file entry.pdb (PDB, C-alpha atoms)
ATOM      1  CA  MET U   1      -5.189  30.238  15.278
ATOM      2  CA  SER U   2      -7.659  29.098  17.960
ATOM      3  CA  LEU U   3      -8.385  25.387  18.451
ATOM      4  CA  GLU U   4     -12.006  25.942  17.435
ATOM      5  CA  LEU U   5     -10.998  27.550  14.150
ATOM      6  CA  GLU U   6      -8.457  24.803  13.464
ATOM      7  CA  PHE U   7     -11.068  22.106  14.108
ATOM      8  CA  CYS U   8     -13.588  23.937  11.960
ATOM      9  CA  ARG U   9     -11.281  24.296   8.967
ATOM     10  CA  ASP U  10     -10.160  20.684   9.308
ATOM     11  CA  GLU U  11     -13.745  19.403   9.268
ATOM     12  CA  TYR U  12     -14.630  21.643   6.328
ATOM     13  CA  THR U  13     -11.650  20.317   4.366
ATOM     14  CA  ASP U  14     -12.760  16.745   5.108
ATOM     15  CA  TYR U  15     -16.262  17.627   3.939
ATOM     16  CA  VAL U  16     -14.878  18.989   0.658
ATOM     17  CA  ILE U  17     -12.668  15.904   0.217
ATOM     18  CA  TYR U  18     -15.594  13.485   0.501
ATOM     19  CA  ARG U  19     -17.784  15.710  -1.667
ATOM     20  CA  GLU U  20     -15.167  15.856  -4.442
ATOM     21  CA  LEU U  21     -14.512  12.099  -4.225
ATOM     22  CA  ALA U  22     -18.254  11.439  -4.483
ATOM     23  CA  LYS U  23     -18.475  13.613  -7.610
ATOM     24  CA  ARG U  24     -15.796  11.506  -9.295
ATOM     25  CA  GLU U  25     -17.091   8.096  -8.214
ATOM     26  CA  SER U  26     -18.737   5.992 -10.933
ATOM     27  CA  SER U  27     -20.029   3.205  -8.669
ATOM     28  CA  PRO U  28     -23.495   4.124  -7.281
ATOM     29  CA  GLU U  29     -22.824   2.167  -4.065
ATOM     30  CA  LEU U  30     -19.480   3.826  -3.393
ATOM     31  CA  LYS U  31     -20.866   7.212  -4.369
ATOM     32  CA  LYS U  32     -23.625   6.811  -1.765
ATOM     33  CA  ILE U  33     -21.060   5.933   0.925
ATOM     34  CA  LEU U  34     -18.936   8.968   0.098
ATOM     35  CA  GLU U  35     -21.951  11.276   0.119
ATOM     36  CA  SER U  36     -22.829   9.892   3.547
ATOM     37  CA  PHE U  37     -19.282  10.678   4.733
ATOM     38  CA  ALA U  38     -19.582  14.200   3.337
ATOM     39  CA  GLU U  39     -22.847  14.810   5.211
ATOM     40  CA  HIS U  40     -21.287  13.664   8.478
ATOM     41  CA  GLU U  41     -18.291  15.953   8.032
ATOM     42  CA  LYS U  42     -20.558  18.836   7.066
ATOM     43  CA  GLY U  43     -22.432  18.377  10.348
ATOM     44  CA  HIS U  44     -19.143  18.359  12.267
ATOM     45  CA  TYR U  45     -18.044  21.511  10.445
ATOM     46  CA  GLU U  46     -21.300  23.291  11.323
ATOM     47  CA  PHE U  47     -20.832  22.395  14.997
ATOM     48  CA  TRP U  48     -17.381  24.003  15.108
ATOM     49  CA  LYS U  49     -18.608  26.921  13.008
ATOM     50  CA  SER U  50     -20.931  27.845  15.899
ATOM     51  CA  PHE U  51     -17.777  28.430  17.985
ATOM     52  CA  ALA U  52     -15.275  29.742  15.437
ATOM     53  CA  GLY U  53     -17.469  31.689  13.037
ATOM     54  CA  GLU U  54     -17.102  31.419   9.270
ATOM     55  CA  CYS U  55     -14.311  28.967   8.385
ATOM     56  CA  SER U  56     -15.222  27.597   4.958
ATOM     57  CA  ALA U  57     -11.674  27.751   3.568
ATOM     58  CA  ALA U  58     -10.655  24.268   2.435
ATOM     59  CA  ASP U  59      -7.048  23.135   2.208
ATOM     60  CA  TRP U  60      -7.122  22.543  -1.539
ATOM     61  CA  PHE U  61      -3.598  21.149  -1.625
ATOM     62  CA  LYS U  62      -4.745  18.364   0.688
ATOM     63  CA  VAL U  63      -7.948  17.901  -1.317
ATOM     64  CA  ASN U  64      -6.033  17.515  -4.588
ATOM     65  CA  MET U  65      -3.480  15.153  -3.029
ATOM     66  CA  VAL U  66      -6.317  12.945  -1.808
ATOM     67  CA  ILE U  67      -7.868  12.904  -5.288
ATOM     68  CA  VAL U  68      -4.525  11.877  -6.817
ATOM     69  CA  SER U  69      -4.109   9.183  -4.162
ATOM     70  CA  ARG U  70      -7.563   7.854  -4.945
ATOM     71  CA  ARG U  71      -6.718   7.553  -8.649
ATOM     72  CA  LEU U  72      -3.356   5.861  -8.090
ATOM     73  CA  LEU U  73      -3.808   3.820  -4.912
ATOM     74  CA  GLY U  74      -7.510   3.145  -4.608
ATOM     75  CA  LEU U  75     -10.366   4.472  -2.527
ATOM     76  CA  THR U  76     -10.003   2.217   0.521
ATOM     77  CA  PHE U  77      -6.312   3.060   1.026
ATOM     78  CA  THR U  78      -6.989   6.774   0.616
ATOM     79  CA  LEU U  79      -9.869   6.874   3.091
ATOM     80  CA  LYS U  80      -8.138   4.690   5.668
ATOM     81  CA  LEU U  81      -5.096   6.959   5.467
ATOM     82  CA  LEU U  82      -7.419   9.891   6.160
ATOM     83  CA  GLU U  83      -8.859   7.926   9.072
ATOM     84  CA  ARG U  84      -5.401   7.783  10.669
ATOM     85  CA  HIS U  85      -5.362  11.582  10.694
ATOM     86  CA  GLU U  86      -8.874  11.593  12.142
ATOM     87  CA  SER U  87      -7.693   9.350  14.988
ATOM     88  CA  ARG U  88      -5.406  12.167  16.136
ATOM     89  CA  THR U  89      -8.281  14.610  15.768
ATOM     90  CA  ILE U  90     -10.486  12.432  17.991
ATOM     91  CA  GLU U  91      -7.888  12.571  20.762
ATOM     92  CA  ALA U  92      -7.860  16.356  20.494
ATOM     93  CA  TYR U  93     -11.678  16.400  20.671
ATOM     94  CA  LYS U  94     -11.629  14.231  23.800
ATOM     95  CA  THR U  95      -9.271  16.715  25.436
ATOM     96  CA  TYR U  96     -11.535  19.605  24.422
ATOM     97  CA  LEU U  97     -14.601  17.915  25.970
ATOM     98  CA  GLY U  98     -13.582  19.206  29.393
ATOM     99  CA  LYS U  99     -14.281  22.767  28.222
ATOM    100  CA  LEU U 100     -17.904  22.050  27.270
ATOM    101  CA  GLU U 101     -21.134  21.525  29.144
ATOM    102  CA  GLY U 102     -24.738  20.650  28.374
ATOM    103  CA  GLU U 103     -25.896  20.363  24.768
ATOM    104  CA  HIS U 104     -22.518  21.339  23.304
ATOM    105  CA  ARG U 105     -20.776  18.570  25.239
ATOM    106  CA  ARG U 106     -23.411  16.022  24.176
ATOM    107  CA  ARG U 107     -23.045  17.039  20.522
ATOM    108  CA  LEU U 108     -19.248  16.725  20.608
ATOM    109  CA  GLU U 109     -19.597  13.282  22.194
ATOM    110  CA  GLU U 110     -21.855  12.321  19.263
ATOM    111  CA  ILE U 111     -19.223  13.567  16.800
ATOM    112  CA  ILE U 112     -16.525  11.511  18.536
ATOM    113  CA  ASN U 113     -18.776   8.463  18.452
ATOM    114  CA  ASP U 114     -19.415   9.061  14.729
ATOM    115  CA  GLU U 115     -15.703   9.062  14.032
ATOM    116  CA  LEU U 116     -15.032   5.983  16.173
ATOM    117  CA  THR U 117     -17.853   3.689  15.116
ATOM    118  CA  HIS U 118     -20.098   4.674  12.241
ATOM    119  CA  GLU U 119     -17.450   5.742   9.712
ATOM    120  CA  LYS U 120     -15.163   2.808  10.563
ATOM    121  CA  ALA U 121     -18.023   0.395   9.830
ATOM    122  CA  TRP U 122     -18.570   2.096   6.473
ATOM    123  CA  LEU U 123     -14.855   1.848   5.675
ATOM    124  CA  ASP U 124     -14.853  -1.889   6.370
ATOM    125  CA  SER U 125     -17.870  -2.232   4.075
ATOM    126  CA  LEU U 126     -16.079  -0.186   1.443
ATOM    127  CA  ALA U 127     -13.017  -2.461   1.572
ATOM    128  CA  GLU U 128     -15.228  -5.442   0.768
ATOM    129  CA  ARG U 129     -16.498  -3.725  -2.393
ATOM    130  CA  GLU U 130     -13.260  -2.415  -3.929
ATOM    131  CA  SER U 131     -11.606  -4.809  -6.380
ATOM    132  CA  LEU U 132      -8.047  -3.651  -5.667
ATOM    133  CA  VAL U 133      -8.428  -4.523  -1.981
ATOM    134  CA  ARG U 134     -10.222  -7.824  -2.613
ATOM    135  CA  TYR U 135      -7.329  -9.053  -4.768
ATOM    136  CA  LEU U 136      -4.648  -7.492  -2.563
ATOM    137  CA  GLY U 137      -3.566 -10.885  -1.251
ATOM    138  CA  PHE U 138      -2.726 -12.122  -4.743
ATOM    139  CA  ILE U 139      -0.830  -8.924  -5.587
ATOM    140  CA  ALA U 140       1.127  -9.243  -2.340
ATOM    141  CA  LEU U 141       1.878 -12.884  -3.136
ATOM    142  CA  GLY U 142       3.310 -11.982  -6.534
ATOM    143  CA  LEU U 143       5.379  -9.035  -5.324
ATOM    144  CA  ALA U 144       6.761 -10.620  -2.171
ATOM    145  CA  ASP U 145       7.757 -13.876  -3.826
ATOM    146  CA  ALA U 146       9.308 -12.134  -6.819
ATOM    147  CA  ILE U 147      11.342  -9.672  -4.757
ATOM    148  CA  VAL U 148      12.849 -12.365  -2.534
ATOM    149  CA  GLU U 149      13.405 -14.911  -5.315
ATOM    150  CA  ILE U 150      14.918 -12.554  -7.899
ATOM    151  CA  THR U 151      17.111 -10.791  -5.339
ATOM    152  CA  GLY U 152      18.365 -14.266  -4.409
ATOM    153  CA  VAL U 153      19.113 -15.043  -8.065
ATOM    154  CA  HIS U 154      21.001 -11.764  -8.494
ATOM    155  CA  ALA U 155      22.932 -12.282  -5.260
ATOM    156  CA  GLY U 156      23.905 -15.764  -6.406
ATOM    157  CA  PHE U 157      25.253 -14.412  -9.673
ATOM    158  CA  LEU U 158      27.112 -11.680  -7.796
ATOM    159  CA  GLY U 159      29.149 -14.479  -6.261
ATOM    160  CA  ALA U 160      29.365 -16.583  -9.435
ATOM    161  CA  THR U 161      30.060 -14.104 -12.239
ATOM    162  CA  ALA U 162      31.239 -10.582 -12.956
ATOM    163  CA  THR U 163      29.040 -10.183 -16.060
ATOM    164  CA  THR U 164      25.977  -8.025 -15.402
ATOM    165  CA  LEU U 165      24.276  -9.066 -18.641
ATOM    166  CA  VAL U 166      24.341 -12.722 -17.594
ATOM    167  CA  ALA U 167      22.880 -11.892 -14.177
ATOM    168  CA  GLY U 168      20.202  -9.655 -15.663
ATOM    169  CA  VAL U 169      19.096 -12.175 -18.278
ATOM    170  CA  ALA U 170      19.153 -15.008 -15.720
ATOM    171  CA  GLY U 171      16.916 -12.979 -13.414
ATOM    172  CA  LEU U 172      14.443 -12.364 -16.231
ATOM    173  CA  ILE U 173      14.371 -16.012 -17.315
ATOM    174  CA  VAL U 174      13.898 -17.337 -13.787
ATOM    175  CA  GLY U 175      11.434 -14.589 -12.925
ATOM    176  CA  LEU U 176       9.212 -14.896 -15.983
ATOM    177  CA  SER U 177       9.095 -18.672 -15.623
ATOM    178  CA  ALA U 178       8.199 -18.346 -11.955
ATOM    179  CA  ALA U 179       5.535 -15.727 -12.775
ATOM    180  CA  ILE U 180       3.749 -18.212 -15.033
ATOM    181  CA  ALA U 181       3.937 -20.909 -12.365
ATOM    182  CA  MET U 182       2.684 -18.560  -9.637
ATOM    183  CA  ALA U 183      -0.152 -17.295 -11.808
ATOM    184  CA  GLY U 184      -1.209 -20.878 -12.481
ATOM    185  CA  ALA U 185      -1.145 -21.706  -8.777
ATOM    186  CA  ALA U 186      -3.197 -18.598  -7.967
ATOM    187  CA  TYR U 187      -5.773 -19.588 -10.595
ATOM    188  CA  LEU U 188      -6.192 -23.053  -9.114
ATOM    189  CA  GLN U 189      -6.327 -21.681  -5.571
ATOM    190  CA  ALA U 190      -9.115 -19.247  -6.449
ATOM    191  CA  LYS U 191     -11.000 -21.761  -8.615
ATOM    192  CA  HIS U 192     -11.116 -24.474  -5.970
ATOM    193  CA  GLY U 193     -12.156 -22.202  -3.120
ATOM    194  CA  GLY U 194      -8.837 -21.868  -1.331
ATOM    195  CA  VAL U 195      -9.690 -18.208  -0.767
ATOM    196  CA  GLU U 196     -12.890 -16.160  -0.889
ATOM    197  CA  LYS U 197     -15.140 -17.949  -3.382
ATOM    198  CA  SER U 198     -16.468 -14.750  -4.958
ATOM    199  CA  LEU U 199     -13.025 -13.937  -6.387
ATOM    200  CA  ASN U 200     -12.579 -14.447 -10.115
ATOM    201  CA  PRO U 201      -9.853 -17.094 -10.774
ATOM    202  CA  VAL U 202      -8.668 -15.342 -13.954
ATOM    203  CA  VAL U 203      -8.352 -11.966 -12.225
ATOM    204  CA  SER U 204      -6.607 -13.630  -9.270
ATOM    205  CA  SER U 205      -4.156 -15.269 -11.655
ATOM    206  CA  LEU U 206      -3.483 -12.017 -13.503
ATOM    207  CA  ALA U 207      -3.029 -10.071 -10.237
ATOM    208  CA  THR U 208      -0.356 -12.540  -9.115
ATOM    209  CA  GLY U 209       1.382 -12.926 -12.479
ATOM    210  CA  VAL U 210       1.436  -9.262 -13.470
ATOM    211  CA  SER U 211       2.681  -8.079 -10.062
ATOM    212  CA  TYR U 212       5.386 -10.775 -10.219
ATOM    213  CA  ILE U 213       6.510  -9.671 -13.698
ATOM    214  CA  ILE U 214       6.571  -5.988 -12.706
ATOM    215  CA  ALA U 215       8.867  -6.789  -9.772
ATOM    216  CA  VAL U 216      11.102  -9.048 -11.906
ATOM    217  CA  VAL U 217      11.590  -6.475 -14.669
ATOM    218  CA  SER U 218      12.127  -3.627 -12.192
ATOM    219  CA  LEU U 219      14.830  -5.503 -10.286
ATOM    220  CA  ALA U 220      16.584  -6.575 -13.512
ATOM    221  CA  ILE U 221      16.830  -3.095 -15.073
ATOM    222  CA  PRO U 222      20.048  -2.032 -13.211
ATOM    223  CA  TYR U 223      21.906  -5.024 -14.723
ATOM    224  CA  PHE U 224      21.344  -3.642 -18.224
ATOM    225  CA  LEU U 225      22.464  -0.121 -17.327
ATOM    226  CA  THR U 226      25.939  -0.807 -15.902
ATOM    227  CA  ARG U 227      28.797  -3.285 -16.211
ATOM    228  CA  SER U 228      29.565  -3.173 -12.502
ATOM    229  CA  MET U 229      28.034  -6.178 -10.759
ATOM    230  CA  LEU U 230      28.345  -4.569  -7.341
ATOM    231  CA  LEU U 231      26.653  -1.360  -8.493
ATOM    232  CA  ALA U 232      23.907  -3.240 -10.326
ATOM    233  CA  PHE U 233      23.219  -5.456  -7.313
ATOM    234  CA  SER U 234      23.251  -2.480  -4.927
ATOM    235  CA  LEU U 235      20.743  -0.563  -7.060
ATOM    236  CA  SER U 236      18.543  -3.631  -7.455
ATOM    237  CA  LEU U 237      18.657  -4.309  -3.719
ATOM    238  CA  MET U 238      17.714  -0.716  -2.892
ATOM    239  CA  LEU U 239      14.820  -0.931  -5.318
ATOM    240  CA  ALA U 240      13.728  -4.204  -3.693
ATOM    241  CA  ILE U 241      13.714  -2.514  -0.265
ATOM    242  CA  VAL U 242      11.700   0.417  -1.628
ATOM    243  CA  LEU U 243       9.120  -1.996  -3.082
ATOM    244  CA  ILE U 244       8.916  -3.953   0.170
ATOM    245  CA  VAL U 245       8.526  -0.858   2.335
ATOM    246  CA  SER U 246       5.991   0.744  -0.024
ATOM    247  CA  PHE U 247       3.787  -2.312  -0.236
ATOM    248  CA  ALA U 248       4.104  -3.041   3.488
ATOM    249  CA  PHE U 249       2.874   0.490   4.175
ATOM    250  CA  TYR U 250       0.000   0.097   1.722
ATOM    251  CA  GLY U 251      -1.013  -3.225   3.250
ATOM    252  CA  SER U 252      -0.723  -1.923   6.811
ATOM    253  CA  VAL U 253      -3.099   0.952   6.038
ATOM    254  CA  VAL U 254      -5.690  -1.122   4.169
ATOM    255  CA  ASN U 255      -5.648  -4.049   6.600
ATOM    256  CA  ASP U 256      -5.067  -2.035   9.806
ATOM    257  CA  ARG U 257      -1.793  -3.806  10.579
ATOM    258  CA  GLU U 258       1.450  -2.615  12.157
ATOM    259  CA  PHE U 259       3.678  -1.222   9.414
ATOM    260  CA  ARG U 260       7.119  -1.242  11.042
ATOM    261  CA  ARG U 261       7.143  -4.881  12.112
ATOM    262  CA  GLU U 262       5.903  -6.172   8.770
ATOM    263  CA  ALA U 263       8.422  -4.096   6.800
ATOM    264  CA  LEU U 264      11.353  -5.157   9.006
ATOM    265  CA  GLU U 265      10.401  -8.843   8.791
ATOM    266  CA  ASN U 266      10.262  -8.721   4.997
ATOM    267  CA  ILE U 267      13.574  -6.855   4.748
ATOM    268  CA  ALA U 268      15.204  -9.399   7.091
ATOM    269  CA  ILE U 269      14.001 -12.282   4.904
ATOM    270  CA  LEU U 270      15.336 -10.458   1.842
ATOM    271  CA  PHE U 271      18.819 -10.035   3.341
ATOM    272  CA  VAL U 272      19.016 -13.601   4.657
ATOM    273  CA  THR U 273      18.066 -14.905   1.207
ATOM    274  CA  ALA U 274      20.571 -12.612  -0.526
ATOM    275  CA  ILE U 275      23.450 -13.606   1.789
ATOM    276  CA  ALA U 276      22.723 -17.328   1.466
ATOM    277  CA  ALA U 277      22.435 -17.084  -2.327
ATOM    278  CA  PHE U 278      25.667 -15.054  -2.567
ATOM    279  CA  LEU U 279      27.606 -17.622  -0.544
ATOM    280  CA  PHE U 280      26.189 -20.490  -2.582
ATOM    281  CA  GLY U 281      26.912 -18.664  -5.846
ATOM    282  CA  THR U 282      30.481 -17.938  -4.783
ATOM    283  CA  ILE U 283      31.154 -21.563  -3.843
ATOM    284  CA  LEU U 284      29.500 -22.878  -7.009
ATOM    285  CA  GLY U 285      31.392 -20.374  -9.148
ATOM    286  CA  GLU U 286      34.741 -21.468  -7.730
ATOM    287  CA  VAL U 287      33.998 -25.199  -7.883
ATOM    288  CA  THR U 288      32.713 -25.165 -11.463
ATOM    289  CA  GLY U 289      35.093 -22.489 -12.768
ATOM    290  CA  ILE U 290      32.183 -20.406 -14.080
ATOM    291  CA  ARG U 291      33.453 -17.250 -12.395
ATOM    292  CA  GLY U 292      36.760 -17.476 -14.227
ATOM    293  CA  LEU U 293      35.040 -17.963 -17.557
ATOM    294  CA  THR U 294      32.804 -14.941 -17.189
ATOM    295  CA  HIS U 295      35.364 -12.344 -16.064
TER     296      HIS U 295
END

call {"tool": "encode", "arguments": {"input": "entry.pdb", "output": "structure tokens"}}
result
Amino acid sequence: MSLELEFCRDEYTDYVIYRELAKRESSPELKKILESFAEHEKGHYEFWKSFAGECSAADWFKVNMVIVSRRLLGLTFTLKLLERHESRTIEAYKTYLGKLEGEHRRRLEEIINDELTHEKAWLDSLAERESLVRYLGFIALGLADAIVEITGVHAGFLGATATTLVAGVAGLIVGLSAAIAMAGAAYLQAKHGGVEKSLNPVVSSLATGVSYIIAVVSLAIPYFLTRSMLLAFSLSLMLAIVLIVSFAFYGSVVNDREFRREALENIAILFVTAIAAFLFGTILGEVTGIRGLTH
């Protein structure tokens, strides 16, 4: 396949993606933004069509995956993930510029400028409108705190007892209590202007509390499925790492941050907390005799 045909099909697929997203968008403002994106991509497609000929064959697998991503993960995340792919495309366009002269070169320079400036500005505007992104900080607060705290509780009980049921129930009790406290703190923070004043305190509170509870329950489940403390803790720890990595990736895409560093920092904090809690639990279990009672 020639480069021109590849570029043409890629731009046509992007045009179809934005067109299909616009069809499904209920918000008039967001719908207008998506239609604007679609028109830009259609213009890019028509430019490459003048070189490659007819190339209106969209990659419908990619289109459908984007639609699913939009439903599950939000519009801003989905479009910014697409933008990462477009960044690689821009580099390819810059390389191709050397083959063009005159009007064709000027038009490709306009397309590159579109990708670099205009659409990025629209994406930043979009992020300010989408509720999921606006409350992302509160969701992150709930998840991050819950993962570290509950993993610490479970690690402590790994050193103090051999009874998975005790560790699981303890994690739920501590976690649910902490979720209420965190939700209350988030409510007060939003109400008194500690963050963006346009945020609803009740929604902020729910975002923190619900995300906290989801993490707590998820990490406790292995303790009710096996009697092996080591297996239960290992499964819970792996799940904690998956949650950390997944949310770090989501946050890095939405907020244009470096994914690897953020994920590694969070995992390091998790392991330090788990080791410290395990050592403390072991010492406390031996001193108090709890470990002997729960074998």

call {"tool": "atom_distance", "arguments": {"input": "entry.pdb", "atom1": "atom CA of Ile147 of chain U", "atom2": "atom CA of Ile283 of chain U"}}
result
23.1 Å

call {"tool": "atom_distance", "arguments": {"input": "entry.pdb", "atom1": "atom CA of Gly175 of chain U", "atom2": "atom CA of Ala232 of chain U"}}
result
17.1 Å

call {"tool": "residues_around", "arguments": {"input": "entry.pdb", "residues": "Ile111 of chain U", "least_positions_apart": "3", "cutoff": "10 Å", "atoms": "only C-alpha atoms", "output": "PyMOL selection string"}}
result
chain U and resi 40-41+43-44+47+90+93+105-108+114-116

call {"tool": "atom_distance", "arguments": {"input": "entry.pdb", "atom1": "atom CA of Phe77 of chain U", "atom2": "atom CA of Ala22 of chain U"}}
result
15.6 Å

call {"tool": "resolve_selection", "arguments": {"input": "entry.pdb", "expression": "the PyMOL selection byres ((chain U and resi 60) around 12)", "output": "PyMOL selection string"}}
result
chain U and resi 9-10+12-17+20+56-59+61-67

call {"tool": "residues_around", "arguments": {"input": "entry.pdb", "residues": "Ser2 of chain U", "least_positions_apart": "6", "cutoff": "12 Å", "atoms": "all atoms listed in the file", "output": "PDB file with C-alpha atoms, keeping the file's coordinate frame"}}
result
ATOM      1  CA  CYS U   8     -13.588  23.937  11.960  1.00  0.00           C
ATOM      2  CA  ARG U   9     -11.281  24.296   8.967  1.00  0.00           C
ATOM      3  CA  TRP U  48     -17.381  24.003  15.108  1.00  0.00           C
ATOM      4  CA  PHE U  51     -17.777  28.430  17.985  1.00  0.00           C
ATOM      5  CA  ALA U  52     -15.275  29.742  15.437  1.00  0.00           C
ATOM      6  CA  GLY U  53     -17.469  31.689  13.037  1.00  0.00           C
ATOM      7  CA  CYS U  55     -14.311  28.967   8.385  1.00  0.00           C
TER       8      CYS U  55
END
